[in-house]
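Chemist: Questions regarding the structure given below will be posed in turn.
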Amino acid sequence: MAEPTKDQEDLQALQELVDKVYNFRDCYFKTHSENEAGKKQGEVAQRMQEALRKLEEKEERFKHKAEFLLQKGRCLNVAPDFSSVAEECLSRAVKLEPGLVEGWNTLGEQYWKKADLVTAKNCFTGALQQSKNKVSLRNLSMVLRQLPPGEGEEQGKRVMESVDMARQAVQMDVTDGTSWYILGNAYVSLFFTCGQNPEMSQRALSAYAQSEKVDRGASSYPELHFNRATLFQYEEMFGSALAGYSRAAALDPGWEGPPERERQLLEYLGKVTELMENKGKVKSRRLRSMLSSLSTSSLGPYGSPEFQSPSSGRVGSLEPRTLASLTHGQKAGVAALGKVVFSLAPDGRMAFTFGMVDSEETCIVVMVYNTAESWGVLIGDTVVIPEPQVKRHSVTHKDQSFDFRSIRVDTPLVLIVNGKRQNAQSQIATRVSYKPQSE
């Protein structure tokens with residue numbers, strides 16, 4: 001076997017130099033405490049500049065070599081923002097050597113940072129045509145989900161393709177925490193795009209857990225904690241959501257999203273608890289007057305002996321029950337009936353929330369998902385909730401505690417408001433924002 005030439009040895013040393021910068025960035029919290037998170041960006045930038053200086057010392061000698069151009073492009077790609085110099089280096093590298101898979105992948109990441117998603121997608125597809133590899137697969141998975149939304153079916157198809165790409169990346173290396181994490185994000189998208197199947201939510205959480213299990217460094221991805229917290233919030237696991245937002249904020253102090261979400265959720269829980277405790281501040285006399293008109297005739301179609309439950313298939317009228325008698329879980333064959341005493345518009349959160357008081361003056365919080373912006377209920381409205389899903393929340397976070405019971409309603413279409421069914425325009429699929437960039 002031929003001995004490596006001096007050029008080959010020097011180019012190999014430059015690759016190792018750049019690899020060290022990536023390793024420092026990606027494994028920062030293996031050697032630093034979370035208290036040092038605020039220093040990370042500056043220290044990574046410093047390491048990148050040091051490596052860049054060493055690369056530039058060799059530039060005159062290697063400037064027409066694809067491998068050198070690749071390493072210079074990779075070095076500049078460490079930074080979170082687009083670099084026109086990186087784009088130029090990488091474009092030249094793949095022209096000189098079209099089979100350079102890492103060149104195509106890194107060039108795709110540059111176009112992504114430039115917000116040119118179509119060209120980024122073409123780069124990753126081109127890399128896969130050269131050789132099947134996990135980096136192209138998972139990058140394609142991410143880009144497919146970020147392309148502008150198409151028509152309903154087209155978007156669903158794209159998300160399914162995104163999940164398939166992420167699955168293939170995991171199959172190529174089941175010990176890669178990044179691939180598991182991106183598969184988790186793909187399942188979150190699938191959950192929200194294709195009917196909110198609870199199985200997809202569980203698969204997302206399992207993939208996130210596997211990411212942390214196979215790669216200790218994955219626990220330091222602020223985006224993992226943020227995206228998982230977003231799902232926890234939708235699933236009404238508020239304590240876990242707050243912990244996730246808080247952890248993401250600690251790992252990336254410069255990122256405004258997590259502390260803002262944490263603040264919003266704490267504010268929401270505080271408002272809900274206070275309004276529930278004082279029954280929306282509705283005066284006693286007015287409350288008694290409102291409740292005097294409550295009767296089983298308000299059940300509407302749910303009072304019919306021919307009513308068939310969509311969840312259990314049971315046929316027969318629903319039996320109205322007091323809120324105090326409802327225990328945890330979904331209650332087949334029964335209905336909750338009451339008067340609205342307060343409401344909170346979604347305000348960037350995912351549920352339209354209102355308080356409902358029954359004939360015994362017991363108050364419960366109702367969270368309605370997938371509501372159109374124009375939909376809502378007013379104080380004094382009579383609401384019937386069929387086969388309610390009841391939950392008790394007991395949340396403590398940073399010296400704040402919240403304790404209340406709620407009913408989850410996955411669509412406004414099942415509600416009877418003032419004796420009437422809700423029309424199809426009341427519902428719209430939930431959209432949640434999670435951090436996609438670099439996932």
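Chain lettering (A, B, ...) mirrors the order of the structure tokens, residue numbering begins at 1 for each chain separately, and ligand numbering begins at 1 in order of display.
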Give me the residues near Ala243 in chain A as an NGL selection string, where near means some atom within 12 Å (using only C-alpha atoms) and where sequence neighbours in that chain fewer than 5 positions away do not count.
Modeler: :A and (222 or 225-226 or 228-230 or 232-233 or 237-238 or 248-250 or 258-259 or 261-263 or 265-266 or 395-398)
Chemist: Write out, as a PDB file, in the first residue's frame, the residues just selected, with N, CA and C atoms.
Modeler:
```pdb
ATOM      1  N   PRO A 222     -30.947  22.078  22.899  1.00  0.00           N
ATOM      2  CA  PRO A 222     -32.064  22.898  23.391  1.00  0.00           C
ATOM      3  C   PRO A 222     -33.335  22.670  22.575  1.00  0.00           C
ATOM      4  N   HIS A 225     -35.546  19.724  23.772  1.00  0.00           N
ATOM      5  CA  HIS A 225     -36.377  20.040  24.945  1.00  0.00           C
ATOM      6  C   HIS A 225     -37.535  20.964  24.571  1.00  0.00           C
ATOM      7  N   PHE A 226     -37.265  21.917  23.669  1.00  0.00           N
ATOM      8  CA  PHE A 226     -38.311  22.856  23.252  1.00  0.00           C
ATOM      9  C   PHE A 226     -39.413  22.141  22.464  1.00  0.00           C
ATOM     10  N   ARG A 228     -40.131  18.936  22.346  1.00  0.00           N
ATOM     11  CA  ARG A 228     -40.862  17.967  23.182  1.00  0.00           C
ATOM     12  C   ARG A 228     -41.814  18.702  24.137  1.00  0.00           C
ATOM     13  N   ALA A 229     -41.379  19.846  24.645  1.00  0.00           N
ATOM     14  CA  ALA A 229     -42.238  20.641  25.542  1.00  0.00           C
ATOM     15  C   ALA A 229     -43.491  21.123  24.809  1.00  0.00           C
ATOM     16  N   THR A 230     -43.328  21.478  23.523  1.00  0.00           N
ATOM     17  CA  THR A 230     -44.476  21.902  22.707  1.00  0.00           C
ATOM     18  C   THR A 230     -45.514  20.779  22.648  1.00  0.00           C
ATOM     19  N   PHE A 232     -45.729  18.238  24.821  1.00  0.00           N
ATOM     20  CA  PHE A 232     -46.246  18.064  26.191  1.00  0.00           C
ATOM     21  C   PHE A 232     -47.362  19.074  26.478  1.00  0.00           C
ATOM     22  N   GLN A 233     -47.165  20.322  26.025  1.00  0.00           N
ATOM     23  CA  GLN A 233     -48.179  21.345  26.290  1.00  0.00           C
ATOM     24  C   GLN A 233     -49.493  20.975  25.605  1.00  0.00           C
ATOM     25  N   MET A 237     -49.644  18.076  29.512  1.00  0.00           N
ATOM     26  CA  MET A 237     -48.682  17.656  30.540  1.00  0.00           C
ATOM     27  C   MET A 237     -47.887  18.914  30.894  1.00  0.00           C
ATOM     28  N   PHE A 238     -48.551  19.811  31.628  1.00  0.00           N
ATOM     29  CA  PHE A 238     -48.033  21.167  31.790  1.00  0.00           C
ATOM     30  C   PHE A 238     -46.734  21.228  32.597  1.00  0.00           C
ATOM     31  N   ALA A 248     -34.515  24.181  27.880  1.00  0.00           N
ATOM     32  CA  ALA A 248     -34.087  24.736  26.587  1.00  0.00           C
ATOM     33  C   ALA A 248     -33.508  26.138  26.780  1.00  0.00           C
ATOM     34  N   ALA A 249     -34.142  26.927  27.629  1.00  0.00           N
ATOM     35  CA  ALA A 249     -33.673  28.292  27.897  1.00  0.00           C
ATOM     36  C   ALA A 249     -32.293  28.271  28.556  1.00  0.00           C
ATOM     37  N   ALA A 250     -32.079  27.311  29.472  1.00  0.00           N
ATOM     38  CA  ALA A 250     -30.785  27.218  30.160  1.00  0.00           C
ATOM     39  C   ALA A 250     -29.678  26.820  29.187  1.00  0.00           C
ATOM     40  N   PRO A 258     -37.906  29.800  24.137  1.00  0.00           N
ATOM     41  CA  PRO A 258     -38.252  29.014  25.326  1.00  0.00           C
ATOM     42  C   PRO A 258     -38.706  29.836  26.534  1.00  0.00           C
ATOM     43  N   PRO A 259     -37.966  30.912  26.943  1.00  0.00           N
ATOM     44  CA  PRO A 259     -38.452  31.659  28.109  1.00  0.00           C
ATOM     45  C   PRO A 259     -39.800  32.334  27.849  1.00  0.00           C
ATOM     46  N   ARG A 261     -42.251  31.111  25.869  1.00  0.00           N
ATOM     47  CA  ARG A 261     -43.274  30.058  25.994  1.00  0.00           C
ATOM     48  C   ARG A 261     -43.511  29.707  27.470  1.00  0.00           C
ATOM     49  N   GLU A 262     -42.422  29.641  28.224  1.00  0.00           N
ATOM     50  CA  GLU A 262     -42.526  29.319  29.654  1.00  0.00           C
ATOM     51  C   GLU A 262     -43.348  30.396  30.366  1.00  0.00           C
ATOM     52  N   ARG A 263     -43.029  31.672  30.060  1.00  0.00           N
ATOM     53  CA  ARG A 263     -43.758  32.788  30.673  1.00  0.00           C
ATOM     54  C   ARG A 263     -45.242  32.742  30.298  1.00  0.00           C
ATOM     55  N   LEU A 265     -47.064  30.181  29.358  1.00  0.00           N
ATOM     56  CA  LEU A 265     -47.769  29.045  29.962  1.00  0.00           C
ATOM     57  C   LEU A 265     -48.017  29.280  31.452  1.00  0.00           C
ATOM     58  N   LEU A 266     -47.017  29.839  32.141  1.00  0.00           N
ATOM     59  CA  LEU A 266     -47.209  30.151  33.566  1.00  0.00           C
ATOM     60  C   LEU A 266     -48.331  31.178  33.751  1.00  0.00           C
ATOM     61  N   VAL A 395     -49.618  21.153  39.277  1.00  0.00           N
ATOM     62  CA  VAL A 395     -48.350  21.561  38.671  1.00  0.00           C
ATOM     63  C   VAL A 395     -47.589  22.471  39.623  1.00  0.00           C
ATOM     64  N   THR A 396     -46.300  22.173  39.817  1.00  0.00           N
ATOM     65  CA  THR A 396     -45.428  23.074  40.587  1.00  0.00           C
ATOM     66  C   THR A 396     -44.202  23.365  39.737  1.00  0.00           C
ATOM     67  N   HIS A 397     -43.880  24.656  39.584  1.00  0.00           N
ATOM     68  CA  HIS A 397     -42.736  25.057  38.764  1.00  0.00           C
ATOM     69  C   HIS A 397     -42.194  26.377  39.293  1.00  0.00           C
ATOM     70  N   LYS A 398     -40.920  26.362  39.663  1.00  0.00           N
ATOM     71  CA  LYS A 398     -40.248  27.575  40.146  1.00  0.00           C
ATOM     72  C   LYS A 398     -41.071  28.310  41.208  1.00  0.00           C
TER      73      LYS A 398
END
```
Chemist: Output as a ChimeraX atom specification all residues of range 158-230 of chain A that backbone DSSP marks as alpha helix (DSSP H).
Modeler: /A:158-172,177-193,198-214,222-230
Chemist: Extract, using only C-alpha atoms, all DNA, RNA and protein residues at most 6 Å from range 386-393 of chain A, discarding same-chain residues fewer than 6 positions from it, and format them as JSON, numbers by chain.
Modeler: {"A": [328, 329, 330, 331, 332, 334, 335, 403, 404, 405, 406, 407, 408]}
Chemist: Could you find all residues in range 284-395 of chain A that DSSP calls strand (DSSP E) from the backbone, and write them as a PyMOL selection string?
Modeler: chain A and resi 319-321+329-330+334-344+351-357+363-369+382-386+389-395
Chemist: Record the distance separating CA of Lys113 in chain A and CA of Val85 in chain A, expressed in Å with one decimal.
Modeler: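 Interatomic distance here is 13.2 Å.
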Chemist: So that I can see what lies close to Leu100 in chain A, please list as a ChimeraX atom specification the residues with an atom at most 10 Å from it, counting only C-alpha atoms and leaving out residues fewer than 6 positions away in the same chain.
Modeler: /A:66-67,70,90,93-94,127,130-131
Chemist: Which of these residues is nearest to Arg158 in chain A, using only C-alpha atoms: A:Tyr181, A:Glu97, A:Cys194, A:Ala86?
Modeler: A:Cys194
Chemist: For range 351-359 of chain A, please output as an MDAnalysis selection string all residues within 7 Å (counting only C-alpha atoms; exclusion window: fewer than 3 positions along the same chain).
Modeler: chainID A and resid 276 291 322:323 337:346 362:369 371
Chemist: Closest to Ser401 in chain A among A:Val417, A:Ala45, A:Thr273, A:Ser211, using only C-alpha atoms?
Modeler: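 Looking at the shortest contact to Ser401 in chain A, the residue is A:Thr273.
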Chemist: Which residues, written as number ranges by chain, have at least one atom at most 9 Å from Val188 in chain A, with only C-alpha atoms counted and residues fewer than 6 positions away on the same chain left out?
Modeler: A: 200-201, 203-205, 227-228, 231
Chemist: So that I have them on file, write out the residues from the current selection with all heavy atoms, as a short mmCIF file (atom, residue, chain, number, x, y, z; two decimals), in the first residue's frame.
Modeler:
```
data_model
loop_
_atom_site.label_atom_id
_atom_site.label_comp_id
_atom_site.auth_asym_id
_atom_site.auth_seq_id
_atom_site.Cartn_x
_atom_site.Cartn_y
_atom_site.Cartn_z
N MET A 200 -48.99 8.61 17.09
CA MET A 200 -47.87 9.40 16.54
C MET A 200 -47.21 10.25 17.63
O MET A 200 -46.00 10.44 17.64
CB MET A 200 -48.35 10.30 15.40
CG MET A 200 -48.85 9.57 14.18
SD MET A 200 -47.64 8.37 13.57
CE MET A 200 -48.59 6.87 13.60
N SER A 201 -48.04 10.74 18.54
CA SER A 201 -47.51 11.52 19.67
C SER A 201 -46.60 10.63 20.52
O SER A 201 -45.50 11.03 20.92
CB SER A 201 -48.69 12.05 20.50
OG SER A 201 -48.26 12.47 21.75
N ARG A 203 -45.05 7.92 19.52
CA ARG A 203 -43.84 7.59 18.75
C ARG A 203 -42.83 8.73 18.80
O ARG A 203 -41.62 8.51 18.85
CB ARG A 203 -44.20 7.29 17.29
CG ARG A 203 -44.85 5.93 17.11
CD ARG A 203 -44.99 5.59 15.63
NE ARG A 203 -45.77 4.40 15.42
CZ ARG A 203 -46.03 3.88 14.23
NH1 ARG A 203 -45.56 4.48 13.14
NH2 ARG A 203 -46.75 2.79 14.12
N ALA A 204 -43.33 9.96 18.76
CA ALA A 204 -42.44 11.13 18.86
C ALA A 204 -41.72 11.12 20.20
O ALA A 204 -40.49 11.27 20.26
CB ALA A 204 -43.24 12.42 18.70
N LEU A 205 -42.47 10.91 21.27
CA LEU A 205 -41.86 10.92 22.61
C LEU A 205 -40.86 9.77 22.76
O LEU A 205 -39.81 9.93 23.38
CB LEU A 205 -42.95 10.84 23.69
CG LEU A 205 -43.87 12.07 23.77
CD1 LEU A 205 -44.99 11.84 24.78
CD2 LEU A 205 -43.10 13.33 24.11
N ASN A 227 -39.01 21.32 21.49
CA ASN A 227 -40.00 20.65 20.64
C ASN A 227 -40.82 19.64 21.44
O ASN A 227 -42.03 19.50 21.26
CB ASN A 227 -39.31 19.97 19.46
CG ASN A 227 -38.68 20.99 18.52
OD1 ASN A 227 -38.99 22.17 18.57
ND2 ASN A 227 -37.78 20.54 17.67
N ARG A 228 -40.13 18.94 22.35
CA ARG A 228 -40.86 17.97 23.18
C ARG A 228 -41.81 18.70 24.14
O ARG A 228 -42.94 18.26 24.37
CB ARG A 228 -39.87 17.10 23.96
CG ARG A 228 -40.54 16.06 24.84
CD ARG A 228 -39.58 14.98 25.30
NE ARG A 228 -38.41 15.52 25.97
CZ ARG A 228 -37.34 14.79 26.26
NH1 ARG A 228 -37.28 13.51 25.92
NH2 ARG A 228 -36.32 15.33 26.87
N LEU A 231 -45.02 19.55 22.45
CA LEU A 231 -45.93 18.40 22.40
C LEU A 231 -46.55 18.15 23.77
O LEU A 231 -47.76 17.89 23.89
CB LEU A 231 -45.16 17.16 21.92
CG LEU A 231 -45.99 15.91 21.60
CD1 LEU A 231 -47.06 16.21 20.55
CD2 LEU A 231 -45.08 14.79 21.10
#
```
Chemist: So, counting only C-alpha atoms, which residue among A:Leu69, A:Val383, A:Val159, A:Met172 is closest to Leu96 in chain A?
Modeler: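 For Leu96 in chain A, the nearest of the candidates is A:Leu69.
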Chemist: Residues within 12 Å of Arg53 in chain A, please, as a count of residues only. Count only C-alpha atoms; anything in the same chain fewer than 5 positions from it doesn't count.
Modeler: 11
Chemist: Mind giving me the straight-line distance from CA of Gln422 in chain A to CA of Leu275 in chain A in Å, one decimal?
Modeler: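 Separation between CA of Gln422 in chain A and CA of Leu275 in chain A: 25.4 Å.
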